[in-house]
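Encoded as structure tokens, the structure appears first; notes follow it.
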2 protein chains.
Amino acid sequence: MRAVRHVKKRSSRPTEDVFYAIADPTRRGLLDLLSEREESVNFLAGRFAMSRPAISQHLGVLLQARLVRARRVGRERRYRLNPRPLEEIHDWVAHYEQFWKWKLGALGEHLGKKK
Amino acid sequence: MRAVRHVKKRSSRPTEDVFYAIADPTRRGLLDLLSEREESVNFLAGRFAMSRPAISQHLGVLLQARLVRARRVGRERRYRLNPRPLEEIHDWVAHYEQFWKWKLGALGEHLGKKK
DNA sequence: TTGACAGGTAAGCACTAGCTTACGTATAAA
DNA sequence: TTTATACGTAAGCTAGTGCTTACCTGTCAA
């Protein structure tokens, strides 16, 4: 009876994870462009130094995270921002906001005392 | 003269990227634990279903992103939260906050009219 | 109809991320 | 001094990411 190599499968990312979706700078760039107005895939692809399919795949990730929505217009497909899931990020970071705000305050007091 | 396969090296991630650092749920868990008080590596490792070296590596990523700081205490190494870099996330998401707030407002108006 | 255009999707590749076990090193305890 | 503890780091493996090119389908224009 020999030791069995224990191969644990890494817990696969839930495809709708917003934190994962915004980790990529290209995807943040896409969100930025789409915050102005809805845009076609070709337009978006023209703004980045990579192929159209690559952009299409990034948009797929954003779609799964529900950060964008798509609709057909003629033979184009227009993507637009759906900001709502970003609220999760906002809420998460808001919990930590107090800590750096507090630090700032403590520093201010400290300097005040020294003076 | 034959075609040379064009292998473009993907632009490597800047190791200090805060968006990348917080994309992993284990690392967010670590930040959460450290927001209470400073903790040793062993304590932290005890809170997750993975080996101590794995946690050590996650802490390394958080260190590079400057999200935590470490100090020696005896033979322990205590990590503590440094919330400041999260301000970048906060500022980024704040730009989008207006959009979902506005949407909420528009929905309210719409419902108001219907009534 | 036929052709051109928009864009999704499959296949394949290099590289990276996230884990493991094994080992090295600094500090404390015996 | 020796031994135990806390931790980092190296090596190695698997699966996932981010790109590419090739190909397909749906829509408009001629």
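Following the order of the structure tokens, first chain is A, next is B, and so on, with residues numbered from 1 inside each chain and ligands from 1 in the order they appear.
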>> If we count only C-alpha atoms (C1' of nucleotides) and set the cut-off at 8 Å, which residues sit around Ala21 in chain B, ignoring sequence neighbours fewer than 5 positions away in its own chain? Please answer as a list in words.
In response: Glu16, Arg27, Val61, Leu62 and Ala65 of chain B
Selection file, C-alpha atoms, as a PDB file, in the first residue's frame:
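The new file part-v4.pdb reads:
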ATOM      1  CA  GLU B  16       2.834  45.575  -7.655  1.00  0.00           C
ATOM      2  CA  ARG B  27      -5.697  36.994  -0.521  1.00  0.00           C
ATOM      3  CA  VAL B  61       2.082  38.928  -3.435  1.00  0.00           C
ATOM      4  CA  LEU B  62       0.360  41.183  -0.909  1.00  0.00           C
ATOM      5  CA  ALA B  65       1.471  45.191  -3.756  1.00  0.00           C
TER       6      ALA B  65
END
> Near chain B, which residues of chain A fall within 7 Å when you count only C-alpha atoms, and what do they look like as a ChimeraX atom specification?
Replying inline: /A:19-20,23,83-84,86,90,93,96,99-100
Take the residues from that selection and write them out as a short mmCIF file (atom, residue, chain, number, x, y, z; two decimals), in the first residue's frame, keeping N, CA and C atoms.
data_model
loop_
_atom_site.label_atom_id
_atom_site.label_comp_id
_atom_site.auth_asym_id
_atom_site.auth_seq_id
_atom_site.Cartn_x
_atom_site.Cartn_y
_atom_site.Cartn_z
N PHE A 19 -14.21 40.55 -9.25
CA PHE A 19 -12.83 40.87 -8.90
C PHE A 19 -11.87 40.35 -9.96
N TYR A 20 -12.16 39.15 -10.44
CA TYR A 20 -11.32 38.60 -11.50
C TYR A 20 -11.47 39.41 -12.78
N ALA A 23 -9.47 42.56 -12.95
CA ALA A 23 -8.04 42.45 -12.68
C ALA A 23 -7.21 42.72 -13.92
N PRO A 83 -22.90 49.10 -14.79
CA PRO A 83 -22.02 49.39 -13.64
C PRO A 83 -22.40 48.64 -12.37
N ARG A 84 -23.61 48.15 -12.30
CA ARG A 84 -24.12 47.60 -11.05
C ARG A 84 -23.22 46.60 -10.31
N LEU A 86 -20.24 46.48 -10.02
CA LEU A 86 -19.10 47.14 -9.39
C LEU A 86 -19.41 47.55 -7.97
N HIS A 90 -17.09 48.16 -4.66
CA HIS A 90 -17.23 49.38 -3.86
C HIS A 90 -17.47 49.06 -2.39
N VAL A 93 -14.31 47.53 -0.70
CA VAL A 93 -13.23 48.48 -0.42
C VAL A 93 -13.66 49.51 0.61
N TYR A 96 -12.57 48.95 4.07
CA TYR A 96 -11.17 49.26 4.40
C TYR A 96 -10.91 50.76 4.41
N PHE A 99 -9.88 52.49 7.53
CA PHE A 99 -8.54 52.27 8.06
C PHE A 99 -7.56 53.32 7.57
N TRP A 100 -7.60 53.63 6.27
CA TRP A 100 -6.65 54.64 5.83
C TRP A 100 -7.10 56.04 6.21
#
>> Could you tell me which residues of chain D sit within 8 Å of chain A when counting only C-alpha atoms (C1' of nucleotides), and give me the result as a PyMOL selection string?
In response: chain D and resi 15+18-19+26-28
Got time to write the residues from that selection, C-alpha atoms (C1' of nucleotides), as a PDB file, in the first residue's frame?
ATOM      1  C1'  DA D  15      -4.763  23.947 -14.940  1.00  0.00           C
ATOM      2  C1'  DG D  18      -4.346  35.629 -22.870  1.00  0.00           C
ATOM      3  C1'  DC D  19      -3.148  35.781 -27.041  1.00  0.00           C
ATOM      4  C1'  DG D  26     -25.732  36.354 -39.635  1.00  0.00           C
ATOM      5  C1'  DT D  27     -26.761  40.713 -41.888  1.00  0.00           C
ATOM      6  C1'  DC D  28     -26.563  44.375 -45.332  1.00  0.00           C
TER       7       DC D  28
END
Considering only C-alpha atoms (C1' of nucleotides), give me a table of residues in chain C that are at most 8 Å from chain B, with the closest atom pair and distance in Å for each, as a Markdown table.
| residue | atom | partner | partner_atom | distance |
| --- | --- | --- | --- | --- |
| C:DA14 | C1' | B:Lys9 | CA | 7.9 |
| C:DC15 | C1' | B:Arg10 | CA | 7.8 |
| C:DG18 | C1' | B:Ala54 | CA | 7.8 |
| C:DC19 | C1' | B:Ala54 | CA | 6.7 |
| C:DA26 | C1' | B:Arg75 | CA | 7.5 |
| C:DT27 | C1' | B:Arg75 | CA | 4.9 |
| C:DA28 | C1' | B:Arg75 | CA | 7.2 |
Could you write those residues out with N, CA and C atoms (P, O5', C5', C4', C3', O3' and C1' of nucleotides), as a PDB file, in the first residue's frame?
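This went into again.pdb:
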ATOM      1  P    DA C  14       4.807  26.984 -27.883  1.00  0.00           P
ATOM      2  O5'  DA C  14       4.615  28.300 -27.020  1.00  0.00           O
ATOM      3  C5'  DA C  14       4.829  29.568 -27.625  1.00  0.00           C
ATOM      4  C4'  DA C  14       4.725  30.638 -26.576  1.00  0.00           C
ATOM      5  C3'  DA C  14       5.714  30.497 -25.415  1.00  0.00           C
ATOM      6  O3'  DA C  14       6.065  31.806 -25.005  1.00  0.00           O
ATOM      7  C1'  DA C  14       3.510  30.318 -24.587  1.00  0.00           C
ATOM      8  P    DC C  15       7.196  31.997 -23.901  1.00  0.00           P
ATOM      9  O5'  DC C  15       6.344  32.386 -22.613  1.00  0.00           O
ATOM     10  C5'  DC C  15       5.395  33.442 -22.724  1.00  0.00           C
ATOM     11  C4'  DC C  15       4.467  33.347 -21.543  1.00  0.00           C
ATOM     12  C3'  DC C  15       5.185  33.279 -20.192  1.00  0.00           C
ATOM     13  O3'  DC C  15       4.777  34.434 -19.502  1.00  0.00           O
ATOM     14  C1'  DC C  15       3.365  31.774 -20.306  1.00  0.00           C
ATOM     15  P    DG C  18      -2.996  33.383  -8.420  1.00  0.00           P
ATOM     16  O5'  DG C  18      -2.888  31.894  -7.872  1.00  0.00           O
ATOM     17  C5'  DG C  18      -3.861  30.946  -8.288  1.00  0.00           C
ATOM     18  C4'  DG C  18      -3.497  29.604  -7.724  1.00  0.00           C
ATOM     19  C3'  DG C  18      -3.121  29.632  -6.245  1.00  0.00           C
ATOM     20  O3'  DG C  18      -3.895  28.643  -5.587  1.00  0.00           O
ATOM     21  C1'  DG C  18      -1.496  28.480  -7.496  1.00  0.00           C
ATOM     22  P    DC C  19      -3.968  28.621  -4.017  1.00  0.00           P
ATOM     23  O5'  DC C  19      -2.872  27.501  -3.651  1.00  0.00           O
ATOM     24  C5'  DC C  19      -3.288  26.238  -3.264  1.00  0.00           C
ATOM     25  C4'  DC C  19      -2.489  25.153  -3.990  1.00  0.00           C
ATOM     26  C3'  DC C  19      -1.484  24.414  -3.136  1.00  0.00           C
ATOM     27  O3'  DC C  19      -2.144  23.477  -2.312  1.00  0.00           O
ATOM     28  C1'  DC C  19      -0.672  24.755  -5.341  1.00  0.00           C
ATOM     29  P    DA C  26      20.718  32.700   8.368  1.00  0.00           P
ATOM     30  O5'  DA C  26      19.865  33.363   9.527  1.00  0.00           O
ATOM     31  C5'  DA C  26      18.736  34.145   9.187  1.00  0.00           C
ATOM     32  C4'  DA C  26      17.729  34.071  10.305  1.00  0.00           C
ATOM     33  C3'  DA C  26      18.282  34.419  11.691  1.00  0.00           C
ATOM     34  O3'  DA C  26      17.387  35.337  12.292  1.00  0.00           O
ATOM     35  C1'  DA C  26      17.179  32.335  11.766  1.00  0.00           C
ATOM     36  P    DT C  27      17.901  36.202  13.574  1.00  0.00           P
ATOM     37  O5'  DT C  27      17.143  35.506  14.781  1.00  0.00           O
ATOM     38  C5'  DT C  27      15.725  35.609  14.837  1.00  0.00           C
ATOM     39  C4'  DT C  27      15.194  34.544  15.754  1.00  0.00           C
ATOM     40  C3'  DT C  27      15.639  34.670  17.210  1.00  0.00           C
ATOM     41  O3'  DT C  27      14.497  35.022  17.962  1.00  0.00           O
ATOM     42  C1'  DT C  27      15.620  32.427  16.455  1.00  0.00           C
ATOM     43  P    DA C  28      14.613  35.304  19.559  1.00  0.00           P
ATOM     44  O5'  DA C  28      14.228  33.901  20.188  1.00  0.00           O
ATOM     45  C5'  DA C  28      12.924  33.396  19.905  1.00  0.00           C
ATOM     46  C4'  DA C  28      12.753  32.055  20.560  1.00  0.00           C
ATOM     47  C3'  DA C  28      13.056  32.019  22.056  1.00  0.00           C
ATOM     48  O3'  DA C  28      12.003  31.307  22.673  1.00  0.00           O
ATOM     49  C1'  DA C  28      14.304  30.360  20.939  1.00  0.00           C
TER      50       DA C  28
END
>> With DSSP run on the backbone, what are the helix (DSSP H, G or I) residues within range 7-115 of chain A? I'd like them as a ChimeraX atom specification.
In response: /A:18-21,25-34,41-45,52-64,86-114
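Picture a line from CA of Leu67 in chain B to CA of Arg80 in chain B; it runs 8.6 Å.
Using only C-alpha atoms (C1' of nucleotides), the smallest distance between any of C:DA17, C:DC23, C:DA10, C:DA29 and DT21 in chain D comes from C:DA10.
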> Could you work out how far CA of Gln64 in chain A lies from CA of Leu33 in chain A, giving the answer in Å with one decimal?
Replying inline: 18.3 Å
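Excluding DA11 in chain C and any residue on its chain fewer than 5 positions from it, the residues at most 12 Å away by only C-alpha atoms (C1' of nucleotides) are DT20, DT21, DA22 and DC23 of chain D.
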Would you put the residues from that selection into a file with C-alpha atoms (C1' of nucleotides), as an mmCIF file, in the first residue's frame?
data_model
loop_
_atom_site.group_PDB
_atom_site.id
_atom_site.type_symbol
_atom_site.label_atom_id
_atom_site.label_comp_id
_atom_site.auth_asym_id
_atom_site.auth_seq_id
_atom_site.Cartn_x
_atom_site.Cartn_y
_atom_site.Cartn_z
ATOM 1 C "C1'" DT D 20 -2.935 34.121 -32.068
ATOM 2 C "C1'" DT D 21 -4.865 32.271 -36.748
ATOM 3 C "C1'" DA D 22 -8.510 29.898 -39.092
ATOM 4 C "C1'" DC D 23 -13.105 29.309 -39.792
#
